[in-house]
Amino acid sequence: MELHPDTTTNAGQLLAAASGGERRRGDRIFSNLAVAAGVTILLLLAGVAVFLLIEALPAVTADAAQLPEGKTLVDYIAPLAFGTVLAASIAVLLAVPLAIAVALFISHIAPRRIVLALGFMVDLLAAIPSIVYGLWGIFVLGPAAVPVLEWLEAKLGFLPFFAGPASSTGRTMLVAGLVLTVMILPIVSAVAREVFSQAPRKLQEGALALGATRWEMIRMTVLPFGKSSIISGAMLGLGRALGETMAVTIILSVSGVVTFNLISQSNPSTIAANIALDFPESSGLAVNTLIASGLVLFAITLVTNLAARAIIARQNIQ
Amino acid sequence: MQAPPETNTLLATPLGGRLWRRKTVNWVMTGLIVAAFAIALIPLFSLLFEVAKRGIPGLSWEFFTSSPRGVIGGGGAAHAIVGTLVITAVTAAISVPIGIMAAIYLTEYGGKSRLRRVLTFFVDVMTGIPSIVAGLFAFALFAIFLGPGIRLGVMGSVALSVLMIPIVIRSSEEVLKIVPNHLREASYALGTPKWRTIVKVVLPTAFAGLVTGVMIAVARIVGETAPLLVTTGVVDSINSNPFEGRMQNLAVYAYSEYRTPGVMKQASYDRAWAAALTLIAIVMILNLAARFVYRHYRTEIR
């Protein structure tokens with residue numbers, strides 16, 4: 001039996017002699033298992049890319065006439081990609097200021113005793129399944145938003161976003177964007193909360209000692225410190241909003257148009273919602289086309305998420 | 001006292017008018033922040049209230065015990081509940097071992113190796129995969145081998161695993177990292193091999209944290225709809241075999257009751273809301289239980 005290399009004492013020699021071979025075998029098996037788990041994950045990801053590519057390929061090479069709606073692949077996906085980006089942009093534009101306020105409230109303004117409970121409530125927003133958001137959006141928020149949509153059309157109708165005619169059901173891009181806002185709010189605010197609570201104490205106390213009000217202290221020490229984290233949090237939220245499916249599928253009434261009009265009955269669909277709507281009833285090349293659109297969605301979210309990670313990484317180095 | 005120079009924004013203003021203005025700005029901004037927080041919570045309360053109000057009428061003994069097979073415009077969600085349990089259990093059976101072993105690799109074996117850096121990077125990538133894309137992947141994987149019409153419970157589990165594995169890795173990595181090194185060193189000093197140290201010292205110390213992480217990961221995937229819509233299909237009867245035939249689950253059930261309501265529209269909507277309420281209840285119970293486990297069973301580390 002082989003001796004353990006660093007056994008110099010008697011006891012060590014005995015121990016190693018007694019269990020050396022077995023111990024090494026156990027160690028080898030266990031570490032191989034751990035490596036195997038890691039490699040499995042890499043293979044799984046490679047599988048995601050490869051299998052999606054294989055299944056998307058027939059749609060890429062097919063003639064336009066054979067594809068759904070008789071359009072070329074690019075013409076088919078472009079309006080969907082537009083809708084995807086539009087809905088996600090609304091969500092991020094509305095969620096970021098709200099998330100900063102929520103994070104500041106929890107980190108700097110709320111009484112210490114209730115901070116935990118408040119944080120739990122915000123996290124709860126992230127735990128609610130998207131199907132429930134969808135049902136809530138179409139049965140509750142949509143109808144409630146109709147008067148607001150009509151008001152927007154009447155007062156701000158000169159802007160292309162609110163050109164109308166206002167939808168009478170609330171199944172519009174603006175309402176879908178609002179629901180997405182609520183869904184990504186906890187993600188963005190979690191990132192902001194984390195960085196706000198790490199803002200240097202010394203600067204904050206210094207500012208207060210010099211007579212700054214609380215808001216001046218926040219504006220001059222906390223917000224500049226958190227700037228790049230907020231940007232990366234917004235990108236993470238954007239990634240989530242781009243890929244969100246069920247809420248948009250249920251809420252939006254789609255007609256395949258490309259428009260910036262956010263309050264009317266005819267809206268562009270999103271890639272994810274289009275897949276969820278059409279996939280169950282599709283067969284043949286239509287399935288391949290939907291998978292190709294899924295690949296485009298994957299690529300868009302990948303770029304967004306990598307950008308967010310790059311910002312975080314750069315900041316960690318500093 | 002002499003007035004400080006005007007250039008310094010912080011010091012410059014014990015003078016009446018500007019101090020008054022600064023205080024007003026402070027109050028206005030504080031008010032705005034509090035208002036924004038209140039606005040952010042309105043959807044939460046509205047949603048919980050509406051789901052409870054609209055979901056309770058649909059809840060009944062029948063809802064939990066019967067399937068709609070052979071019942072016109074009625075029936076319950078037993079098939080969906082069975083499906084949810086089976087799909088979630090299979091998902092956990094795939095994701096938990098892979099996720100925890102990968103986390104062990106990252107914290108205990110990885111060191112500064114290239115595999116570790118690559119893995120960390122791709123776990124980040126995986127976290128960002130949209131759920132519908134995960135569903136398409138599982139579909140593509142099975143369709144290539146079994147033909148394009150295939151719909152199985154296990155396909156849904158594969159799709160959900162793509163979403164669950166990164167969550168398990170992230171949370172396990174966090175709790176394994178905080179197991180103090182002196183515990184490992186004490187174990188090595190007693191001559192314990194590394195793998196026994198991990199199994200007998202590191203994992204038990206982190207156990208409550210690992211369980212909490214898994215429960216939260218399960219709560220995250222149990223309500224997923226989109227990936228199951230493209231992989232497990234829609235069906236009326238109870239099916240508990242993930243390797244054969246279509247399988248219903250609560251989230252897809254809620255969606256299809258809404259999308260294709262029966263003759264009695266309101267009854268279908270009631271069932272959709274009841275399914276939504278059941279899902280929220282499951283998610284909340286898992287989240288609260290996770291907190292409870294962490295608070296009461298975690299090992300005190302000094």
# chains A, B, ... in the order shown; residues from 1 in each chain; ligands from 1

$ select_by_dssp --residues "segment 138-226 of chain B" --states "helix (DSSP H, G or I)" --output "number ranges by chain"
B: 138-146, 153-177, 181-189, 194-222, 226

$ write_last_selection --atoms "C-alpha atoms" --output "PDB file, in the first residue's frame"
ATOM      1  CA  ALA B 138     -36.251  21.098 -24.194  1.00  0.00           C
ATOM      2  CA  PHE B 139     -38.659  20.838 -27.101  1.00  0.00           C
ATOM      3  CA  ALA B 140     -35.825  20.921 -29.664  1.00  0.00           C
ATOM      4  CA  LEU B 141     -33.841  18.325 -27.699  1.00  0.00           C
ATOM      5  CA  PHE B 142     -36.695  15.820 -27.559  1.00  0.00           C
ATOM      6  CA  ALA B 143     -38.118  16.644 -30.991  1.00  0.00           C
ATOM      7  CA  ILE B 144     -34.835  15.744 -32.683  1.00  0.00           C
ATOM      8  CA  PHE B 145     -34.918  12.250 -31.198  1.00  0.00           C
ATOM      9  CA  LEU B 146     -38.631  11.551 -30.809  1.00  0.00           C
ATOM     10  CA  GLY B 153     -43.846  15.685 -18.480  1.00  0.00           C
ATOM     11  CA  VAL B 154     -40.121  15.079 -18.367  1.00  0.00           C
ATOM     12  CA  MET B 155     -39.574  17.568 -21.209  1.00  0.00           C
ATOM     13  CA  GLY B 156     -41.026  20.199 -18.927  1.00  0.00           C
ATOM     14  CA  SER B 157     -38.690  19.095 -16.149  1.00  0.00           C
ATOM     15  CA  VAL B 158     -35.661  19.442 -18.434  1.00  0.00           C
ATOM     16  CA  ALA B 159     -36.805  22.930 -19.403  1.00  0.00           C
ATOM     17  CA  LEU B 160     -37.340  23.932 -15.773  1.00  0.00           C
ATOM     18  CA  SER B 161     -33.963  22.445 -14.796  1.00  0.00           C
ATOM     19  CA  VAL B 162     -32.257  24.916 -17.134  1.00  0.00           C
ATOM     20  CA  LEU B 163     -33.901  27.637 -15.036  1.00  0.00           C
ATOM     21  CA  MET B 164     -33.457  26.002 -11.620  1.00  0.00           C
ATOM     22  CA  ILE B 165     -29.825  24.822 -11.762  1.00  0.00           C
ATOM     23  CA  PRO B 166     -28.265  28.319 -11.790  1.00  0.00           C
ATOM     24  CA  ILE B 167     -30.470  29.388  -8.861  1.00  0.00           C
ATOM     25  CA  VAL B 168     -29.400  26.344  -6.829  1.00  0.00           C
ATOM     26  CA  ILE B 169     -25.724  26.920  -7.680  1.00  0.00           C
ATOM     27  CA  ARG B 170     -25.800  30.602  -6.725  1.00  0.00           C
ATOM     28  CA  SER B 171     -27.498  30.043  -3.366  1.00  0.00           C
ATOM     29  CA  SER B 172     -25.435  26.924  -2.481  1.00  0.00           C
ATOM     30  CA  GLU B 173     -22.214  28.705  -3.389  1.00  0.00           C
ATOM     31  CA  GLU B 174     -23.139  31.544  -1.046  1.00  0.00           C
ATOM     32  CA  VAL B 175     -23.716  29.275   1.959  1.00  0.00           C
ATOM     33  CA  LEU B 176     -20.718  27.011   1.278  1.00  0.00           C
ATOM     34  CA  LYS B 177     -18.488  30.085   1.084  1.00  0.00           C
ATOM     35  CA  ASN B 181     -12.025  27.541   6.942  1.00  0.00           C
ATOM     36  CA  HIS B 182     -10.976  26.591  10.474  1.00  0.00           C
ATOM     37  CA  LEU B 183     -13.636  23.869  10.490  1.00  0.00           C
ATOM     38  CA  ARG B 184     -12.120  22.338   7.355  1.00  0.00           C
ATOM     39  CA  GLU B 185      -8.611  22.654   8.764  1.00  0.00           C
ATOM     40  CA  ALA B 186      -9.595  21.046  12.068  1.00  0.00           C
ATOM     41  CA  SER B 187     -10.999  18.118  10.131  1.00  0.00           C
ATOM     42  CA  TYR B 188      -7.851  17.773   7.990  1.00  0.00           C
ATOM     43  CA  ALA B 189      -5.739  17.887  11.157  1.00  0.00           C
ATOM     44  CA  LYS B 194     -11.047  15.982   1.831  1.00  0.00           C
ATOM     45  CA  TRP B 195     -14.186  14.300   0.550  1.00  0.00           C
ATOM     46  CA  ARG B 196     -15.137  13.083   4.027  1.00  0.00           C
ATOM     47  CA  THR B 197     -14.503  16.595   5.310  1.00  0.00           C
ATOM     48  CA  ILE B 198     -16.900  17.982   2.723  1.00  0.00           C
ATOM     49  CA  VAL B 199     -19.578  15.345   3.384  1.00  0.00           C
ATOM     50  CA  LYS B 200     -19.290  15.264   7.190  1.00  0.00           C
ATOM     51  CA  VAL B 201     -18.241  18.821   8.077  1.00  0.00           C
ATOM     52  CA  VAL B 202     -18.898  21.340   5.319  1.00  0.00           C
ATOM     53  CA  LEU B 203     -22.291  20.126   4.098  1.00  0.00           C
ATOM     54  CA  PRO B 204     -23.833  19.610   7.566  1.00  0.00           C
ATOM     55  CA  THR B 205     -22.658  23.087   8.617  1.00  0.00           C
ATOM     56  CA  ALA B 206     -24.269  24.594   5.549  1.00  0.00           C
ATOM     57  CA  PHE B 207     -27.294  22.292   5.572  1.00  0.00           C
ATOM     58  CA  ALA B 208     -29.996  24.760   6.606  1.00  0.00           C
ATOM     59  CA  GLY B 209     -28.737  27.254   4.043  1.00  0.00           C
ATOM     60  CA  LEU B 210     -28.736  24.617   1.305  1.00  0.00           C
ATOM     61  CA  VAL B 211     -32.310  23.565   2.115  1.00  0.00           C
ATOM     62  CA  THR B 212     -33.424  27.197   2.159  1.00  0.00           C
ATOM     63  CA  GLY B 213     -31.827  27.782  -1.231  1.00  0.00           C
ATOM     64  CA  VAL B 214     -33.488  24.730  -2.751  1.00  0.00           C
ATOM     65  CA  MET B 215     -36.894  25.727  -1.393  1.00  0.00           C
ATOM     66  CA  ILE B 216     -36.607  29.210  -2.829  1.00  0.00           C
ATOM     67  CA  ALA B 217     -35.471  27.763  -6.164  1.00  0.00           C
ATOM     68  CA  VAL B 218     -38.492  25.424  -6.185  1.00  0.00           C
ATOM     69  CA  ALA B 219     -40.753  28.384  -5.396  1.00  0.00           C
ATOM     70  CA  ARG B 220     -39.294  30.205  -8.376  1.00  0.00           C
ATOM     71  CA  ILE B 221     -39.985  27.444 -10.904  1.00  0.00           C
ATOM     72  CA  VAL B 222     -43.249  26.007  -9.577  1.00  0.00           C
ATOM     73  CA  ALA B 226     -44.247  29.468 -20.705  1.00  0.00           C
TER      74      ALA B 226
END

$ interface_residues --of "chain B" --to "chain A" --cutoff "7 Å" --atoms "only C-alpha atoms" --output "VMD selection string"
chain B and resid 10 to 11 23 26 29 33 to 34 36 to 37 44 47 98 101 to 102 104 to 105 119 125 128 to 130 132 to 133 136 to 137 140 to 141 193 to 195 220 223 to 226 229 to 230 251 255 276 280 283

$ residues_around --residues "segment 256-260 of chain A" --least-positions-apart "2" --cutoff "10 Å" --atoms "only C-alpha atoms" --output "PyMOL selection string"
chain A and resi 76+78-80+82-83+86+159-163+173+253-254+262-264+266-270+274

$ write_last_selection --atoms "C-alpha atoms" --output "PDB file, in the first residue's frame"
ATOM      1  CA  TYR A  76     -41.371  37.981 -39.713  1.00  0.00           C
ATOM      2  CA  ALA A  78     -38.386  42.273 -37.046  1.00  0.00           C
ATOM      3  CA  PRO A  79     -41.823  43.556 -35.893  1.00  0.00           C
ATOM      4  CA  LEU A  80     -41.743  41.072 -33.011  1.00  0.00           C
ATOM      5  CA  PHE A  82     -39.547  45.810 -32.145  1.00  0.00           C
ATOM      6  CA  GLY A  83     -42.468  44.979 -29.855  1.00  0.00           C
ATOM      7  CA  LEU A  86     -40.650  48.586 -26.889  1.00  0.00           C
ATOM      8  CA  LEU A 159     -47.607  62.893 -29.001  1.00  0.00           C
ATOM      9  CA  PRO A 160     -47.218  59.796 -31.209  1.00  0.00           C
ATOM     10  CA  PHE A 161     -47.205  57.585 -28.084  1.00  0.00           C
ATOM     11  CA  PHE A 162     -50.731  58.605 -27.125  1.00  0.00           C
ATOM     12  CA  ALA A 163     -52.249  59.114 -30.571  1.00  0.00           C
ATOM     13  CA  MET A 173     -48.723  48.245 -24.845  1.00  0.00           C
ATOM     14  CA  SER A 253     -54.082  42.479 -28.004  1.00  0.00           C
ATOM     15  CA  VAL A 254     -51.788  42.043 -30.974  1.00  0.00           C
ATOM     16  CA  LEU A 262     -49.018  52.816 -26.689  1.00  0.00           C
ATOM     17  CA  ILE A 263     -52.713  53.131 -25.938  1.00  0.00           C
ATOM     18  CA  SER A 264     -54.599  51.664 -28.908  1.00  0.00           C
ATOM     19  CA  SER A 266     -53.600  47.296 -32.235  1.00  0.00           C
ATOM     20  CA  ASN A 267     -50.127  46.549 -30.936  1.00  0.00           C
ATOM     21  CA  PRO A 268     -46.982  44.820 -32.077  1.00  0.00           C
ATOM     22  CA  SER A 269     -46.512  41.430 -30.394  1.00  0.00           C
ATOM     23  CA  THR A 270     -43.309  40.404 -28.607  1.00  0.00           C
ATOM     24  CA  ASN A 274     -45.806  35.254 -30.104  1.00  0.00           C
TER      25      ASN A 274
END

$ atom_distance --atom1 "atom CA of Ile187 of chain A" --atom2 "atom CA of Gly237 of chain A"
6.1 Å

$ residues_around --residues "segment 196-198 of chain A" --least-positions-apart "4" --cutoff "7 Å" --atoms "only C-alpha atoms" --output "MDAnalysis selection string"
chainID A and resid 107 192 222 226

$ closest_residue --among "B:Ala80, B:Leu228, B:Leu106, B:Ile282" --to "Ala254 of chain B" --atoms "only C-alpha atoms"
B:Ala80

$ atom_distance --atom1 "atom CA of Arg219 of chain A" --atom2 "atom CA of Gly177 of chain A"
28.6 Å

$ atom_distance --atom1 "atom CA of Arg193 of chain A" --atom2 "atom CA of Gly233 of chain A"
10.3 Å

$ closest_residue --among "B:Ile81, B:Ala52, B:Ala40, B:Ala275" --to "Thr65 of chain B" --atoms "only C-alpha atoms"
B:Ile81

$ closest_residue --among "B:Asn239, B:Thr24, B:Thr231, B:Thr260" --to "Val86 of chain B" --atoms "only C-alpha atoms"
B:Asn239

$ closest_residue --among "A:Ile312, A:Ala62, A:Leu252, A:Ile300" --to "Ala81 of chain A" --atoms "only C-alpha atoms"
A:Ile300

$ closest_residue --among "A:Ser228, A:Val96, A:Val248, A:Asp123" --to "Arg171 of chain A" --atoms "only C-alpha atoms"
A:Val248

$ closest_residue --among "A:Ser168, A:Ala46, A:Leu57, A:Val175" --to "Pro147 of chain A" --atoms "only C-alpha atoms"
A:Ser168
